[in-house]
Amino acid sequence: MNMSQPEFAAPHPDICTEEEISWLVHAFYAKARKDPKLGPIFEGHVSDWDAHFVQMINFWSMKLRGTSRFRGAPMPKHVALPGLTAELFGRWLHLFRETTGEMENPVLKFNADTLALHIGDRLWLRYQMERYPDRELVGLIE
Ligand code: HEM
């Protein structure tokens with residue numbers, strides 16, 4: 001693996017460790033819960049934070065390392081959240097990239113940031129289709 005010029009890679013245990021994923025999830029939520037716009041959404045919908053952290057660690061471990069512990073349904077869970085906007089997704093992605101930038105693993109950063117943008121884009125497109133079927137779709141990716 002070329003460490004100086006990361007390329008998008010299929011999920012693989014060499015991309016990062018479970019410890020790095022746990023750090024990423026906890027550090028991201030430390031920021032997101034303090035964010036004036038995102039914080040109240042998380043506090044209003046997550047009652048068991050330990051279970052949510054496990055869920056998010058399993059999700060990123062699946063996406064980055066190729067493990068199969070994740071059991072969930074991100075699409076309906078996000079469609080169920082009221083009031084999501086492109087701006088909120090932008091804030092989420094900004095905090096996520098800031099967090100991956102604090103880790104000394106450029107391969108993790110490149111892969112996690114790329115995945116987050118594309119998954120976020122799909123979540124947001126489906127959100128608009130379900131909630132605003134008459135509006136023109138707005139993507140997150142230029
Ligand atoms: C505006 C941006 C976002 C907000 C406000 C948001 C909020 C939330 C909330 C409140 C939950 C908990 C839902 C529940 O347990 O009922 C959740 C779950 C989750 N989110 Fe997000 N999210 C956002 C963007 C993203 C993005 C971009 C990703 C992926 C890259 C993501 C991945 C997930 C996953 C994997 C879960 C767990 C789903 C499950 O338990 O089945 N979220 N999100």
# chains A, B, ... in the order shown; residues from 1 in each chain; ligands from 1
>>> closest_atom_pairs(of="chain A", to="ligand 1", cutoff="6 Å", atoms="only C-alpha atoms and all ligand atoms", output="CSV")
residue,atom,partner,partner_atom_place_in_ligand_line,distance
A:Leu38,CA,ligand 1,5 (C),5.7
A:Ile41,CA,ligand 1,10 (C),5.8
A:Phe42,CA,ligand 1,10 (C),4.4
A:His45,CA,ligand 1,10 (C),4.9
A:Val46,CA,ligand 1,12 (C),5.6
A:Gln55,CA,ligand 1,40 (O),6.0
A:Met56,CA,ligand 1,35 (C),5.5
A:Phe59,CA,ligand 1,35 (C),5.4
A:Gly72,CA,ligand 1,41 (O),3.3
A:Ala73,CA,ligand 1,41 (O),3.7
A:Pro74,CA,ligand 1,38 (C),3.9
A:Lys77,CA,ligand 1,16 (O),5.1
A:Leu84,CA,ligand 1,1 (C),5.7
A:Leu88,CA,ligand 1,1 (C),4.3
A:Phe89,CA,ligand 1,1 (C),3.8
A:Trp92,CA,ligand 1,2 (C),5.2
A:Ala116,CA,ligand 1,30 (C),3.8
A:Ile119,CA,ligand 1,30 (C),5.0
A:Gly120,CA,ligand 1,27 (C),3.7
>>> write_last_selection(atoms="N, CA and C atoms", output="PDB file, in the first residue's frame")
ATOM      1  N   LEU A  38     -26.296  20.299  14.983  1.00  0.00           N
ATOM      2  CA  LEU A  38     -26.370  18.831  14.969  1.00  0.00           C
ATOM      3  C   LEU A  38     -26.623  18.267  16.369  1.00  0.00           C
ATOM      4  N   ILE A  41     -30.133  17.365  17.497  1.00  0.00           N
ATOM      5  CA  ILE A  41     -30.732  16.247  16.748  1.00  0.00           C
ATOM      6  C   ILE A  41     -30.267  14.931  17.368  1.00  0.00           C
ATOM      7  N   PHE A  42     -28.964  14.840  17.629  1.00  0.00           N
ATOM      8  CA  PHE A  42     -28.462  13.595  18.231  1.00  0.00           C
ATOM      9  C   PHE A  42     -29.035  13.409  19.630  1.00  0.00           C
ATOM     10  N   HIS A  45     -32.550  12.047  19.580  1.00  0.00           N
ATOM     11  CA  HIS A  45     -32.868  10.741  18.980  1.00  0.00           C
ATOM     12  C   HIS A  45     -32.027   9.590  19.482  1.00  0.00           C
ATOM     13  N   VAL A  46     -30.943   9.891  20.164  1.00  0.00           N
ATOM     14  CA  VAL A  46     -30.115   8.801  20.694  1.00  0.00           C
ATOM     15  C   VAL A  46     -30.316   8.769  22.205  1.00  0.00           C
ATOM     16  N   GLN A  55     -22.844   0.630  17.515  1.00  0.00           N
ATOM     17  CA  GLN A  55     -23.456   0.575  16.186  1.00  0.00           C
ATOM     18  C   GLN A  55     -22.571   1.298  15.160  1.00  0.00           C
ATOM     19  N   MET A  56     -22.091   2.497  15.517  1.00  0.00           N
ATOM     20  CA  MET A  56     -21.277   3.277  14.576  1.00  0.00           C
ATOM     21  C   MET A  56     -19.893   2.654  14.380  1.00  0.00           C
ATOM     22  N   PHE A  59     -20.412  -0.132  12.042  1.00  0.00           N
ATOM     23  CA  PHE A  59     -20.637   0.379  10.685  1.00  0.00           C
ATOM     24  C   PHE A  59     -19.306   0.719  10.006  1.00  0.00           C
ATOM     25  N   GLY A  72     -28.058  -2.994  10.885  1.00  0.00           N
ATOM     26  CA  GLY A  72     -28.771  -1.735  11.008  1.00  0.00           C
ATOM     27  C   GLY A  72     -29.452  -1.378   9.718  1.00  0.00           C
ATOM     28  N   ALA A  73     -30.083  -0.224   9.730  1.00  0.00           N
ATOM     29  CA  ALA A  73     -30.831   0.248   8.574  1.00  0.00           C
ATOM     30  C   ALA A  73     -30.702   1.768   8.506  1.00  0.00           C
ATOM     31  N   PRO A  74     -29.504   2.252   8.090  1.00  0.00           N
ATOM     32  CA  PRO A  74     -29.280   3.706   8.111  1.00  0.00           C
ATOM     33  C   PRO A  74     -30.316   4.490   7.301  1.00  0.00           C
ATOM     34  N   LYS A  77     -33.676   5.100   9.090  1.00  0.00           N
ATOM     35  CA  LYS A  77     -33.449   5.863  10.332  1.00  0.00           C
ATOM     36  C   LYS A  77     -33.201   7.335  10.035  1.00  0.00           C
ATOM     37  N   LEU A  84     -33.911  17.465   8.193  1.00  0.00           N
ATOM     38  CA  LEU A  84     -32.539  17.410   7.674  1.00  0.00           C
ATOM     39  C   LEU A  84     -32.421  18.279   6.426  1.00  0.00           C
ATOM     40  N   LEU A  88     -27.028  20.742   6.977  1.00  0.00           N
ATOM     41  CA  LEU A  88     -26.725  19.847   8.101  1.00  0.00           C
ATOM     42  C   LEU A  88     -25.787  18.722   7.662  1.00  0.00           C
ATOM     43  N   PHE A  89     -26.025  18.167   6.481  1.00  0.00           N
ATOM     44  CA  PHE A  89     -25.110  17.140   5.976  1.00  0.00           C
ATOM     45  C   PHE A  89     -23.713  17.736   5.784  1.00  0.00           C
ATOM     46  N   TRP A  92     -22.072  17.926   9.139  1.00  0.00           N
ATOM     47  CA  TRP A  92     -21.696  16.570   9.556  1.00  0.00           C
ATOM     48  C   TRP A  92     -20.382  16.186   8.871  1.00  0.00           C
ATOM     49  N   ALA A 116     -17.778   8.612   3.501  1.00  0.00           N
ATOM     50  CA  ALA A 116     -18.749   9.478   4.183  1.00  0.00           C
ATOM     51  C   ALA A 116     -19.457  10.385   3.184  1.00  0.00           C
ATOM     52  N   ILE A 119     -21.846   8.100   0.980  1.00  0.00           N
ATOM     53  CA  ILE A 119     -22.982   7.577   1.761  1.00  0.00           C
ATOM     54  C   ILE A 119     -23.900   8.740   2.148  1.00  0.00           C
ATOM     55  N   GLY A 120     -23.275   9.858   2.572  1.00  0.00           N
ATOM     56  CA  GLY A 120     -24.071  11.034   2.929  1.00  0.00           C
ATOM     57  C   GLY A 120     -24.906  11.503   1.746  1.00  0.00           C
TER      58      GLY A 120
END
>>> residues_around(residues="segment 24-36 of chain A", least_positions_apart="6", cutoff="12 Å", atoms="only C-alpha atoms", output="short mmCIF file (atom, residue, chain, number, x, y, z; two decimals) with all heavy atoms, in the first residue's frame")
data_model
loop_
_atom_site.label_atom_id
_atom_site.label_comp_id
_atom_site.auth_asym_id
_atom_site.auth_seq_id
_atom_site.Cartn_x
_atom_site.Cartn_y
_atom_site.Cartn_z
N CYS A 16 -6.95 0.27 8.73
CA CYS A 16 -6.90 0.86 10.08
C CYS A 16 -7.19 -0.24 11.10
O CYS A 16 -7.61 -1.33 10.73
CB CYS A 16 -7.92 1.99 10.22
SG CYS A 16 -9.61 1.44 9.97
N THR A 17 -7.01 0.11 12.37
CA THR A 17 -7.30 -0.84 13.45
C THR A 17 -8.69 -0.58 14.02
O THR A 17 -9.28 0.50 13.81
CB THR A 17 -6.28 -0.71 14.59
OG1 THR A 17 -6.44 0.61 15.15
CG2 THR A 17 -4.85 -0.90 14.10
N GLU A 18 -9.19 -1.51 14.80
CA GLU A 18 -10.46 -1.30 15.52
C GLU A 18 -10.30 -0.14 16.51
O GLU A 18 -11.24 0.62 16.74
CB GLU A 18 -10.87 -2.57 16.27
CG GLU A 18 -11.34 -3.71 15.38
CD GLU A 18 -12.70 -3.46 14.71
OE1 GLU A 18 -13.56 -2.78 15.29
OE2 GLU A 18 -12.87 -3.93 13.56
N PHE A 42 -28.96 14.84 17.63
CA PHE A 42 -28.46 13.59 18.23
C PHE A 42 -29.03 13.41 19.63
O PHE A 42 -29.49 12.32 19.98
CB PHE A 42 -26.93 13.60 18.26
CG PHE A 42 -26.34 13.32 16.90
CD1 PHE A 42 -25.68 14.32 16.19
CD2 PHE A 42 -26.46 12.08 16.32
CE1 PHE A 42 -25.16 14.07 14.93
CE2 PHE A 42 -25.95 11.81 15.05
CZ PHE A 42 -25.30 12.81 14.36
N GLU A 43 -29.02 14.47 20.43
CA GLU A 43 -29.51 14.32 21.81
C GLU A 43 -30.99 13.95 21.82
O GLU A 43 -31.46 13.24 22.70
CB GLU A 43 -29.27 15.61 22.63
CG GLU A 43 -27.80 16.01 22.78
CD GLU A 43 -26.88 14.92 23.33
OE1 GLU A 43 -27.35 13.99 24.03
OE2 GLU A 43 -25.68 14.97 23.04
N GLY A 44 -31.73 14.40 20.80
CA GLY A 44 -33.17 14.10 20.75
C GLY A 44 -33.49 12.70 20.26
O GLY A 44 -34.61 12.22 20.48
N HIS A 45 -32.55 12.05 19.58
CA HIS A 45 -32.87 10.74 18.98
C HIS A 45 -32.03 9.59 19.48
O HIS A 45 -32.36 8.44 19.21
CB HIS A 45 -32.76 10.82 17.45
CG HIS A 45 -33.86 11.63 16.84
ND1 HIS A 45 -33.74 12.98 16.63
CD2 HIS A 45 -35.09 11.29 16.44
CE1 HIS A 45 -34.87 13.44 16.12
NE2 HIS A 45 -35.70 12.45 15.99
N VAL A 46 -30.94 9.89 20.16
CA VAL A 46 -30.12 8.80 20.69
C VAL A 46 -30.32 8.77 22.21
O VAL A 46 -30.00 9.73 22.89
CB VAL A 46 -28.62 9.02 20.36
CG1 VAL A 46 -27.77 7.91 20.98
CG2 VAL A 46 -28.41 9.07 18.84
N TRP A 49 -26.33 5.97 24.39
CA TRP A 49 -25.13 6.37 23.66
C TRP A 49 -24.14 5.22 23.50
O TRP A 49 -23.49 5.10 22.46
CB TRP A 49 -24.47 7.59 24.31
CG TRP A 49 -25.14 8.84 23.81
CD1 TRP A 49 -26.13 9.54 24.41
CD2 TRP A 49 -24.90 9.47 22.54
NE1 TRP A 49 -26.52 10.58 23.60
CE2 TRP A 49 -25.78 10.57 22.46
CE3 TRP A 49 -24.04 9.23 21.49
CZ2 TRP A 49 -25.82 11.41 21.35
CZ3 TRP A 49 -24.06 10.06 20.38
CH2 TRP A 49 -24.94 11.14 20.32
N ASP A 50 -24.03 4.36 24.53
CA ASP A 50 -23.08 3.24 24.40
C ASP A 50 -23.49 2.35 23.23
O ASP A 50 -22.66 1.92 22.44
CB ASP A 50 -23.02 2.43 25.70
CG ASP A 50 -22.25 3.19 26.77
OD1 ASP A 50 -21.50 4.11 26.42
OD2 ASP A 50 -22.42 2.86 27.96
N HIS A 52 -25.23 3.26 20.62
CA HIS A 52 -25.02 3.99 19.37
C HIS A 52 -23.54 3.95 18.97
O HIS A 52 -23.22 3.77 17.79
CB HIS A 52 -25.51 5.43 19.49
CG HIS A 52 -25.45 6.18 18.19
ND1 HIS A 52 -26.19 5.82 17.08
CD2 HIS A 52 -24.71 7.26 17.81
CE1 HIS A 52 -25.91 6.65 16.08
NE2 HIS A 52 -25.02 7.53 16.50
N PHE A 53 -22.65 4.10 19.96
CA PHE A 53 -21.22 4.03 19.63
C PHE A 53 -20.87 2.65 19.07
O PHE A 53 -20.15 2.56 18.07
CB PHE A 53 -20.36 4.31 20.87
CG PHE A 53 -20.39 5.75 21.33
CD1 PHE A 53 -20.32 6.07 22.68
CD2 PHE A 53 -20.47 6.79 20.42
CE1 PHE A 53 -20.35 7.39 23.11
CE2 PHE A 53 -20.50 8.12 20.83
CZ PHE A 53 -20.43 8.41 22.18
N VAL A 54 -21.39 1.60 19.68
CA VAL A 54 -21.11 0.24 19.17
C VAL A 54 -21.63 0.12 17.74
O VAL A 54 -20.95 -0.39 16.85
CB VAL A 54 -21.75 -0.84 20.09
CG1 VAL A 54 -21.68 -2.22 19.43
CG2 VAL A 54 -21.08 -0.86 21.45
N GLN A 55 -22.84 0.63 17.51
CA GLN A 55 -23.46 0.57 16.19
C GLN A 55 -22.57 1.30 15.16
O GLN A 55 -22.32 0.78 14.07
CB GLN A 55 -24.85 1.23 16.30
CG GLN A 55 -25.73 1.09 15.11
CD GLN A 55 -26.29 -0.31 14.96
OE1 GLN A 55 -25.75 -1.28 15.48
NE2 GLN A 55 -27.36 -0.43 14.21
N MET A 56 -22.09 2.50 15.52
CA MET A 56 -21.28 3.28 14.58
C MET A 56 -19.89 2.65 14.38
O MET A 56 -19.34 2.70 13.27
CB MET A 56 -21.14 4.72 15.06
CG MET A 56 -22.45 5.49 15.13
SD MET A 56 -23.45 5.39 13.62
CE MET A 56 -22.46 6.36 12.47
N ILE A 57 -19.34 2.08 15.44
CA ILE A 57 -18.04 1.40 15.30
C ILE A 57 -18.21 0.20 14.37
O ILE A 57 -17.39 -0.03 13.48
CB ILE A 57 -17.49 1.00 16.70
CG1 ILE A 57 -17.05 2.25 17.46
CG2 ILE A 57 -16.35 -0.02 16.57
CD1 ILE A 57 -16.81 2.03 18.95
N ASN A 58 -19.29 -0.55 14.55
CA ASN A 58 -19.52 -1.71 13.68
C ASN A 58 -19.73 -1.28 12.22
O ASN A 58 -19.28 -1.95 11.30
CB ASN A 58 -20.73 -2.51 14.17
CG ASN A 58 -20.43 -3.25 15.46
OD1 ASN A 58 -19.28 -3.38 15.86
ND2 ASN A 58 -21.47 -3.75 16.12
N PHE A 59 -20.41 -0.13 12.04
CA PHE A 59 -20.64 0.38 10.69
C PHE A 59 -19.31 0.72 10.01
O PHE A 59 -19.02 0.25 8.90
CB PHE A 59 -21.54 1.62 10.76
CG PHE A 59 -21.76 2.30 9.43
CD1 PHE A 59 -22.66 1.78 8.51
CD2 PHE A 59 -21.08 3.47 9.10
CE1 PHE A 59 -22.88 2.40 7.29
CE2 PHE A 59 -21.29 4.09 7.88
CZ PHE A 59 -22.20 3.56 6.98
N TRP A 60 -18.48 1.51 10.69
CA TRP A 60 -17.21 1.93 10.07
C TRP A 60 -16.24 0.78 9.95
O TRP A 60 -15.43 0.73 9.01
CB TRP A 60 -16.62 3.14 10.81
CG TRP A 60 -17.36 4.39 10.44
CD1 TRP A 60 -18.21 5.11 11.24
CD2 TRP A 60 -17.38 5.03 9.16
NE1 TRP A 60 -18.74 6.17 10.52
CE2 TRP A 60 -18.24 6.14 9.25
CE3 TRP A 60 -16.74 4.78 7.94
CZ2 TRP A 60 -18.49 6.98 8.16
CZ3 TRP A 60 -16.98 5.61 6.86
CH2 TRP A 60 -17.84 6.71 6.98
N SER A 61 -16.32 -0.18 10.87
CA SER A 61 -15.46 -1.36 10.76
C SER A 61 -15.85 -2.17 9.52
O SER A 61 -14.99 -2.69 8.81
CB SER A 61 -15.60 -2.21 12.03
OG SER A 61 -14.84 -3.38 11.91
N LEU A 88 -27.03 20.74 6.98
CA LEU A 88 -26.73 19.85 8.10
C LEU A 88 -25.79 18.72 7.66
O LEU A 88 -24.86 18.37 8.40
CB LEU A 88 -28.01 19.26 8.68
CG LEU A 88 -28.84 20.20 9.55
CD1 LEU A 88 -30.19 19.58 9.87
CD2 LEU A 88 -28.11 20.55 10.85
N PHE A 89 -26.03 18.17 6.48
CA PHE A 89 -25.11 17.14 5.98
C PHE A 89 -23.71 17.74 5.78
O PHE A 89 -22.71 17.08 6.06
CB PHE A 89 -25.63 16.52 4.67
CG PHE A 89 -26.60 15.40 4.90
CD1 PHE A 89 -27.97 15.62 4.89
CD2 PHE A 89 -26.14 14.11 5.15
CE1 PHE A 89 -28.86 14.58 5.12
CE2 PHE A 89 -27.02 13.06 5.38
CZ PHE A 89 -28.38 13.30 5.37
N ARG A 91 -22.36 20.17 7.51
CA ARG A 91 -21.74 20.31 8.84
C ARG A 91 -21.23 18.97 9.31
O ARG A 91 -20.15 18.86 9.90
CB ARG A 91 -22.77 20.83 9.86
CG ARG A 91 -23.14 22.27 9.70
CD ARG A 91 -24.23 22.62 10.71
NE ARG A 91 -23.66 23.14 11.96
CZ ARG A 91 -23.45 24.42 12.19
NH1 ARG A 91 -23.75 25.32 11.27
NH2 ARG A 91 -22.95 24.82 13.34
N TRP A 92 -22.07 17.93 9.14
CA TRP A 92 -21.70 16.57 9.56
C TRP A 92 -20.38 16.19 8.87
O TRP A 92 -19.44 15.72 9.52
CB TRP A 92 -22.82 15.61 9.17
CG TRP A 92 -22.75 14.22 9.74
CD1 TRP A 92 -23.55 13.70 10.72
CD2 TRP A 92 -21.86 13.14 9.34
NE1 TRP A 92 -23.20 12.39 10.96
CE2 TRP A 92 -22.18 12.04 10.14
CE3 TRP A 92 -20.84 13.04 8.40
CZ2 TRP A 92 -21.50 10.81 10.02
CZ3 TRP A 92 -20.15 11.84 8.29
CH2 TRP A 92 -20.49 10.74 9.08
N LEU A 93 -20.32 16.40 7.54
CA LEU A 93 -19.13 16.00 6.78
C LEU A 93 -17.92 16.84 7.20
O LEU A 93 -16.80 16.32 7.29
CB LEU A 93 -19.38 16.15 5.28
CG LEU A 93 -20.34 15.11 4.68
CD1 LEU A 93 -20.78 15.53 3.28
CD2 LEU A 93 -19.70 13.72 4.64
N HIS A 94 -18.12 18.11 7.47
CA HIS A 94 -17.01 18.97 7.90
C HIS A 94 -16.41 18.45 9.22
O HIS A 94 -15.19 18.33 9.35
CB HIS A 94 -17.51 20.42 8.05
CG HIS A 94 -16.51 21.31 8.70
ND1 HIS A 94 -15.42 21.82 8.02
CD2 HIS A 94 -16.39 21.74 9.98
CE1 HIS A 94 -14.69 22.54 8.86
NE2 HIS A 94 -15.26 22.51 10.05
N LEU A 95 -17.28 18.14 10.18
CA LEU A 95 -16.78 17.64 11.48
C LEU A 95 -16.12 16.27 11.32
O LEU A 95 -15.13 15.97 11.99
CB LEU A 95 -17.92 17.56 12.50
CG LEU A 95 -18.53 18.89 12.93
CD1 LEU A 95 -19.62 18.66 13.97
CD2 LEU A 95 -17.47 19.85 13.48
N PHE A 96 -16.67 15.46 10.42
CA PHE A 96 -16.09 14.14 10.20
C PHE A 96 -14.68 14.28 9.61
O PHE A 96 -13.73 13.65 10.08
CB PHE A 96 -17.00 13.32 9.27
CG PHE A 96 -16.59 11.88 9.15
CD1 PHE A 96 -16.98 10.95 10.11
CD2 PHE A 96 -15.83 11.45 8.08
CE1 PHE A 96 -16.62 9.61 10.00
CE2 PHE A 96 -15.45 10.11 7.96
CZ PHE A 96 -15.85 9.20 8.92
N ARG A 97 -14.53 15.15 8.60
CA ARG A 97 -13.22 15.33 7.96
C ARG A 97 -12.23 15.96 8.93
O ARG A 97 -11.04 15.65 8.91
CB ARG A 97 -13.35 16.24 6.73
CG ARG A 97 -14.13 15.61 5.60
CD ARG A 97 -14.09 16.55 4.39
NE ARG A 97 -14.98 16.10 3.36
CZ ARG A 97 -16.04 16.81 2.93
NH1 ARG A 97 -16.31 18.00 3.44
NH2 ARG A 97 -16.81 16.31 1.98
N GLU A 98 -12.73 16.88 9.77
CA GLU A 98 -11.86 17.48 10.77
C GLU A 98 -11.33 16.38 11.70
O GLU A 98 -10.14 16.37 12.04
CB GLU A 98 -12.70 18.50 11.57
CG GLU A 98 -11.92 19.48 12.38
CD GLU A 98 -12.86 20.47 13.04
OE1 GLU A 98 -13.41 20.16 14.12
OE2 GLU A 98 -13.08 21.55 12.46
N THR A 99 -12.20 15.45 12.08
CA THR A 99 -11.80 14.38 13.00
C THR A 99 -10.81 13.42 12.34
O THR A 99 -9.79 13.08 12.94
CB THR A 99 -13.05 13.60 13.48
OG1 THR A 99 -14.05 14.51 13.89
CG2 THR A 99 -12.70 12.68 14.64
N THR A 100 -11.09 13.00 11.11
CA THR A 100 -10.14 12.09 10.44
C THR A 100 -8.81 12.80 10.22
O THR A 100 -7.76 12.16 10.20
CB THR A 100 -10.68 11.57 9.09
OG1 THR A 100 -11.02 12.68 8.25
CG2 THR A 100 -11.91 10.68 9.27
N GLY A 101 -8.84 14.14 10.08
CA GLY A 101 -7.60 14.91 9.91
C GLY A 101 -6.75 14.95 11.16
O GLY A 101 -5.56 15.27 11.10
N GLU A 102 -7.34 14.65 12.31
CA GLU A 102 -6.59 14.64 13.57
C GLU A 102 -5.91 13.29 13.79
O GLU A 102 -5.20 13.10 14.77
CB GLU A 102 -7.54 14.96 14.74
CG GLU A 102 -8.01 16.41 14.71
CD GLU A 102 -9.25 16.64 15.56
OE1 GLU A 102 -9.68 15.71 16.28
OE2 GLU A 102 -9.79 17.75 15.49
N MET A 103 -6.15 12.32 12.90
CA MET A 103 -5.58 10.99 13.05
C MET A 103 -4.37 10.89 12.12
O MET A 103 -4.36 11.45 11.05
CB MET A 103 -6.62 9.93 12.68
CG MET A 103 -7.89 10.08 13.50
SD MET A 103 -9.19 8.92 13.01
CE MET A 103 -8.55 7.41 13.74
N GLU A 104 -3.35 10.20 12.57
CA GLU A 104 -2.14 10.11 11.74
C GLU A 104 -2.22 8.89 10.84
O GLU A 104 -1.37 8.00 10.90
CB GLU A 104 -0.91 10.11 12.63
CG GLU A 104 -0.68 11.51 13.18
CD GLU A 104 0.37 11.58 14.25
OE1 GLU A 104 1.11 10.60 14.42
OE2 GLU A 104 0.42 12.62 14.92
N ASN A 105 -3.27 8.83 10.04
CA ASN A 105 -3.44 7.68 9.13
C ASN A 105 -4.09 8.19 7.84
O ASN A 105 -5.31 8.22 7.71
CB ASN A 105 -4.32 6.62 9.81
CG ASN A 105 -4.47 5.38 8.95
OD1 ASN A 105 -4.25 5.42 7.74
ND2 ASN A 105 -4.84 4.27 9.57
N LEU A 108 -6.61 5.80 6.14
CA LEU A 108 -7.94 5.83 6.80
C LEU A 108 -8.66 7.11 6.40
O LEU A 108 -9.83 7.09 6.02
CB LEU A 108 -7.79 5.75 8.32
CG LEU A 108 -9.10 5.92 9.12
CD1 LEU A 108 -9.04 5.12 10.41
CD2 LEU A 108 -9.42 7.37 9.45
N LYS A 109 -7.96 8.25 6.49
CA LYS A 109 -8.62 9.53 6.22
C LYS A 109 -9.21 9.55 4.81
O LYS A 109 -10.38 9.90 4.62
CB LYS A 109 -7.66 10.72 6.39
CG LYS A 109 -8.33 12.04 6.03
CD LYS A 109 -7.56 13.25 6.44
CE LYS A 109 -8.28 14.53 6.00
NZ LYS A 109 -9.69 14.62 6.39
N ALA A 112 -12.17 6.92 4.57
CA ALA A 112 -13.33 7.27 5.40
C ALA A 112 -14.01 8.52 4.85
O ALA A 112 -15.24 8.60 4.77
CB ALA A 112 -12.90 7.46 6.85
N ASP A 113 -13.23 9.54 4.46
CA ASP A 113 -13.82 10.77 3.93
C ASP A 113 -14.58 10.50 2.64
O ASP A 113 -15.67 11.04 2.40
CB ASP A 113 -12.73 11.83 3.66
CG ASP A 113 -12.14 12.42 4.94
OD1 ASP A 113 -12.58 12.04 6.03
OD2 ASP A 113 -11.22 13.26 4.81
#
>>> select_by_dssp(residues="chain A", states="alpha helix (DSSP H)", output="count of residues only")
90
>>> residues_around(residues="Leu123 of chain A", least_positions_apart="4", cutoff="12 Å", atoms="only C-alpha atoms", output="MDAnalysis selection string")
chainID A and resid 73:81 84:86 89 115:119 127:131 138:140
>>> residues_around(residues="Asn111 of chain A", least_positions_apart="4", cutoff="8 Å", atoms="only C-alpha atoms", output="number ranges by chain")
A: 7-9, 64, 107, 115
>>> write_last_selection(atoms="all heavy atoms", output="mmCIF file, in the first residue's frame")
data_model
loop_
_atom_site.group_PDB
_atom_site.id
_atom_site.type_symbol
_atom_site.label_atom_id
_atom_site.label_comp_id
_atom_site.auth_asym_id
_atom_site.auth_seq_id
_atom_site.Cartn_x
_atom_site.Cartn_y
_atom_site.Cartn_z
ATOM 1 N N GLU A 7 -5.098 5.905 -2.102
ATOM 2 C CA GLU A 7 -6.090 5.667 -3.157
ATOM 3 C C GLU A 7 -7.265 4.980 -2.506
ATOM 4 O O GLU A 7 -7.098 4.296 -1.506
ATOM 5 C CB GLU A 7 -5.511 4.735 -4.225
ATOM 6 C CG GLU A 7 -4.479 5.396 -5.096
ATOM 7 C CD GLU A 7 -3.800 4.379 -6.007
ATOM 8 O OE1 GLU A 7 -4.378 3.293 -6.218
ATOM 9 O OE2 GLU A 7 -2.707 4.695 -6.479
ATOM 10 N N PHE A 8 -8.430 5.117 -3.132
ATOM 11 C CA PHE A 8 -9.596 4.455 -2.555
ATOM 12 C C PHE A 8 -9.404 2.940 -2.659
ATOM 13 O O PHE A 8 -9.024 2.431 -3.705
ATOM 14 C CB PHE A 8 -10.874 4.888 -3.274
ATOM 15 C CG PHE A 8 -12.096 4.436 -2.544
ATOM 16 C CD1 PHE A 8 -12.425 4.984 -1.317
ATOM 17 C CD2 PHE A 8 -12.890 3.434 -3.063
ATOM 18 C CE1 PHE A 8 -13.538 4.554 -0.616
ATOM 19 C CE2 PHE A 8 -14.012 2.996 -2.378
ATOM 20 C CZ PHE A 8 -14.333 3.563 -1.155
ATOM 21 N N ALA A 9 -9.613 2.254 -1.547
ATOM 22 C CA ALA A 9 -9.344 0.816 -1.499
ATOM 23 C C ALA A 9 -10.586 0.070 -1.030
ATOM 24 O O ALA A 9 -11.405 0.609 -0.296
ATOM 25 C CB ALA A 9 -8.196 0.544 -0.535
ATOM 26 N N LEU A 64 -14.664 0.078 6.397
ATOM 27 C CA LEU A 64 -13.217 0.278 6.220
ATOM 28 C C LEU A 64 -12.432 -1.021 6.301
ATOM 29 O O LEU A 64 -11.458 -1.208 5.574
ATOM 30 C CB LEU A 64 -12.687 1.258 7.282
ATOM 31 C CG LEU A 64 -13.181 2.695 7.136
ATOM 32 C CD1 LEU A 64 -12.863 3.492 8.395
ATOM 33 C CD2 LEU A 64 -12.547 3.366 5.916
ATOM 34 N N VAL A 107 -4.357 6.907 4.965
ATOM 35 C CA VAL A 107 -5.147 5.915 4.224
ATOM 36 C C VAL A 107 -6.545 5.836 4.821
ATOM 37 O O VAL A 107 -7.556 5.851 4.100
ATOM 38 C CB VAL A 107 -4.445 4.538 4.239
ATOM 39 C CG1 VAL A 107 -5.307 3.491 3.562
ATOM 40 C CG2 VAL A 107 -3.090 4.631 3.550
ATOM 41 N N LEU A 115 -15.903 7.621 1.629
ATOM 42 C CA LEU A 115 -17.122 6.863 1.939
ATOM 43 C C LEU A 115 -18.184 7.774 2.556
ATOM 44 O O LEU A 115 -19.365 7.705 2.194
ATOM 45 C CB LEU A 115 -16.788 5.723 2.913
ATOM 46 C CG LEU A 115 -16.052 4.530 2.292
ATOM 47 C CD1 LEU A 115 -15.361 3.710 3.381
ATOM 48 C CD2 LEU A 115 -17.034 3.660 1.511
#
